[in-house]
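Student: Have a look at the structure that comes next, please.
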Amino acid sequence: MLAWTIYISFLGALALMLPRLPAKAARGIALLAAIAGFTVTISQLLRSPSGAMTTIVHRSWVPSLGIEYHLAADGISLLLVLLTGIVAIAGVLFSWNIEHRSKEFFALYLALIGGVYGVFLSADLFLLFVFYEIAIIPKYFLIAIWGSTQREYAAMKLALYSLVGSAMVLVVLIAAYVVAGAKTMNLLALSQFQFPLHFQMWAFPLTFIGFGILAGLWPFHTWAPTGHVAAPTAASMLLAGVVMKLGAYGCLRVAMALFPHGLDSWGFSVLGLASWRDVFSLLAVIGIVYGALVALVQQDFKFVIGYSSVSHMGFVLLGLMTLSRIGLTGAVLQMFSHGVLAGLLFAVVGRMVYDRTHTRDLAALSRMHLNKAIPFAAVTFVIAAIASIGMPGFSGFVAELQILIGAWSAFPIYVLAAGIGIAISVAYTWRAMQKAFFSDAGPEATAPTLPPISTPERLGAALLIFASLTIGLYPQLLLNLVIPALNSPLFDGLRKGHWQ
Amino acid sequence: MTAVSYTALFHLLLPEVIVIVTALLVLAADLLISRTAQSRTRFTTGSVLSAIGCIGAITLILSDPQQANVFNGTLVISSETKLVQIAILILTVFIVVLSIESSFTSHVGEYFAVTLFATTGMMLLVSSENVLLIFLSLELLSLSLYVLAAFNKRSSHSAEAALKYFLFGGMSAAFLLFGLSLLYGLSNSTNLVQIARAIKSPPLDPLLAVAIVMIVLGFGFKVAAVPFHFWAPDVYEGAPANSASLIASSAKVAGFVIFYQVMIVGFAGAEGSGDWRSYAPGWVPVVAVVAALSMFLGNLVAIRQTSVRRLLAYSAIAQAGYILLGLVSHTEQSFGALLYYAVTYALTVIGAFGVISIVEEQLGGEKLSDFAGLSRRAPVLSFCMLIFMLSLAGIPPLAGFFGKFFLFASTLSAGQHMLGLLWLVVLAIAMSTVSLYYYLQVLKRIYIAEPPSEAKPIQVPLISQLTLCAIALSILVLGCAPDLFLKWLHQPIRIAHF
């Protein structure tokens, strides 16, 4: 049943390539496909709300190599599939005004979503990688054709960064397949295979960095701000909301599950770092603080959000490195929370503000009195902003709190640093909000007349706010999914070695 | 040695005979109509006849279950050689069908006849274990290719390409012959199996080392591997598109298969090792170095190209590097990996050259800038090119990705130490990341750049369009369901109750 999320997306993309289709119908088809995917997920959740691993499809694919077409879902993948569905619908709603080559736009958009669904649902490493790479090409075209600032440069940078990451993953993937006897690519089977320690010691960091590049791991994050800024609104929503989660998901699902001993101590220490765990948690904290500091000085509204994504994804990576149940849970919640909120922020900046004012320069925006011109945008941004800085009641709070609690026992100093990161995030969010919407600079009462906020935009914003609020007020909904998933045998190795 | 009657031999060679007879028929038919008919009709006749001949040969191979090894390995027919022959014939069919709508020459009959002669050369080449016959068929193939490269008599580029190809080719043939004669001197036999038996003696005989280098040089030229690649860019650029596509596709497949055959069978026992830090002299390290250089140089130089044909040439050099990994690993699996990769690669290249030839004819050039905005002017053609380029770059779910995966996996499983060949695989994967950059350069022009202001939609000839779509579809299908191809490697090829 859940497999249809993938098929519907790809079928939708195919349908949009039909030559006779009128361009006006494109967005309708895209919306329909996105809603269908979301409905499938919801109905699955209602029918069996457990988070344990369940197989969806299991067929032999390339028997001579032991590769299977194996789709399965556990709580973590369900949650991310749900996120994808939400952001996908919102993305279509916020691209309702795309006129230029709209059929191609939505076809690529759906292909990207199909690839993302595929990654989250794959239980075979080969299949996972196939979907992971399928997602690269649509991203490139979405940015390069429909983007803005430096779009071709940003698109190529994004494509090459993604491909470098996936090349690193591919090396490990093939090596692991061969070391494990070249019989299976099944994720669960491979996670139960005892890879030699020295193999895990280089395979783990390579995989973690490979996926981490897409998750905005500092210092490999530089594709993210440029890519997010150049991308059209829907693409930046997907990039920040979902694609970065692909990376984090890969880190957890592949790197950490397959090579848990890669996290072990090296037996010596360099600059106080004694294991890959220390290295990556340090990088995650640097990402948190660095992203926040850079966001503080940006003049381009979209760059503020772009760098804030790097900072927020740092929390996810830090949560992964805590290796504690609560920290991992927090990381998964943060993936969901940031997915929704980043989507909302990019929607406000890219669609509501930029498409109307044609500028993202904070100084220029501060003379426009946008809170009077488009009050809906101002209100939405305020809600998204306070949610993303971790106001209790919204999803960001529960997620970051759990990560910090989890990190406390492992790296108390980093918790302090991350706390400073949160403080700075308040500062940059407030600064951007004040400049863009509530500035008293410029002549009084000359708010420009801008096109009013359209119904699709209102619907999209409402959907995303609703999602964030629901999780913030009732996190148990997601916890019921995540906790059984963390108990799955996939993480046996991780639990044995490190779990606290 | 088994005694074989000439009727039986004729029977075994029937597929080749059909192709030759078709070639003669095409010549005769063209001679009959050349005075009266227009160039278009002549091309159609030649192409249809050639395609029918090739398809006839394919059905014959499929329907005949027998396997044979006659005259001490001079002619070997096994399920593997049949598979390769069928692949070569199918590729030829695509090439001749794609030339229906071309008009580059007035010697139509000769063009198709020489193409079929080249095909015969390839078919014989892959079904022999005798170095003498291998050399003769290689010459038949090469001479046909030199002629094909020169076929556009109106273009000086074509003549230049052919001359360069001929000079380099002649020289490399001499090297190859020298290497083979050394082998004969060492083993007193022209049969690969017996040669292997005679030379099996580490430490490596210096004379054998010379023979290895000479033979790698000779075949390295055929498959355009660094440092024997200098002819490739000029030939790809200058030769008529259809000829270039033959040189780049099926001739490569045949070249790789026979390279594999000679090294694996003829030099069994003299492999040595190309493993990291445990190098041992033999032919494997030589091929490994050639492969590494090809991947490195081909990919890096391709970045700087502005002509799509030259870009394809350097990409071909790089791809040759990947395919040679199949030789380096030389396990049971690797022949399948090599063949799958070579065949799907050849299909892709035929498609790419098909697109290029249409663009050339309609827009008068094949520079990157000529492709600007093509997706707005010929959407289907552009989509086919998208599939071809992405498959070459190794993006799933296209055949190029699975081919790479299969090759790299079989390379890693080989080696005397666990993961001994990891260095080659890491280099290959890193370099294929680089390759995405230049393939995207082509796609960027097609999909992102704006078309010239006065541009009109391009009229793509119908049959070419259909053929290109068929090729694109088969690349997609082979990529999604590689078992359709792989299963033939494990079972004898025949159709029951045919």
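Every chain in the structure tokens has a letter given in the order shown (A, B, ...), and although residue numbers restart at 1 in each chain, ligands are simply numbered from 1 in the order shown.
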Starting from chain A, keep only residues with some atom at most 8 Å from an atom of chain B, counting only C-alpha atoms, and report them as a PyMOL selection string.

Tutor: chain A and resi 61-63+130-131+133-134+141+144-145+156+160+163-164+167+170-171+174-175+177-179+182

Student: For Val48 (chain B), list every protein, DNA or RNA residue within 9 Å, evaluated using only C-alpha atoms, and leave out those in the same chain fewer than 3 positions away; present the list as a short mmCIF file (atom, residue, chain, number, x, y, z; two decimals) with C-alpha atoms, in the first residue's frame.

Tutor:
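New file part.cif:
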data_model
loop_
_atom_site.label_atom_id
_atom_site.label_comp_id
_atom_site.auth_asym_id
_atom_site.auth_seq_id
_atom_site.Cartn_x
_atom_site.Cartn_y
_atom_site.Cartn_z
CA PHE B 43 19.47 4.62 -48.51
CA THR B 44 16.13 3.09 -47.63
CA THR B 45 16.75 0.02 -49.78
CA ALA B 51 18.62 -4.88 -41.36
CA ILE B 52 16.77 -7.89 -42.74
CA GLY B 53 20.08 -9.72 -43.25
CA VAL B 96 21.79 0.80 -40.31
CA VAL B 97 18.24 1.78 -39.42
CA ILE B 100 18.00 5.51 -43.44
#

Student: Can you list, as a PyMOL selection string, every protein, DNA or RNA residue that comes within 12 Å of Ala270 (chain B) when you count only C-alpha atoms, leaving out same-chain residues fewer than 5 positions away?

Tutor: chain B and resi 195-206+208-209+211-212+263-265+280-286

Student: Counting only C-alpha atoms, what is within 9 Å of region 225-241 of chain B, bar same-chain residues fewer than 2 positions away, as a PyMOL selection string?

Tutor: chain B and resi 99+104+148-152+155-162+164-165+168-169+172+217-223+243-248+290-295+297-298+307-314+316-321+324+353-354+356-357

Student: Take CA of Gly56 (chain B) and CA of Thr81 (chain B) and report the distance between them in Å, one decimal.

Tutor: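 Distance between the two atoms: 17.2 Å.
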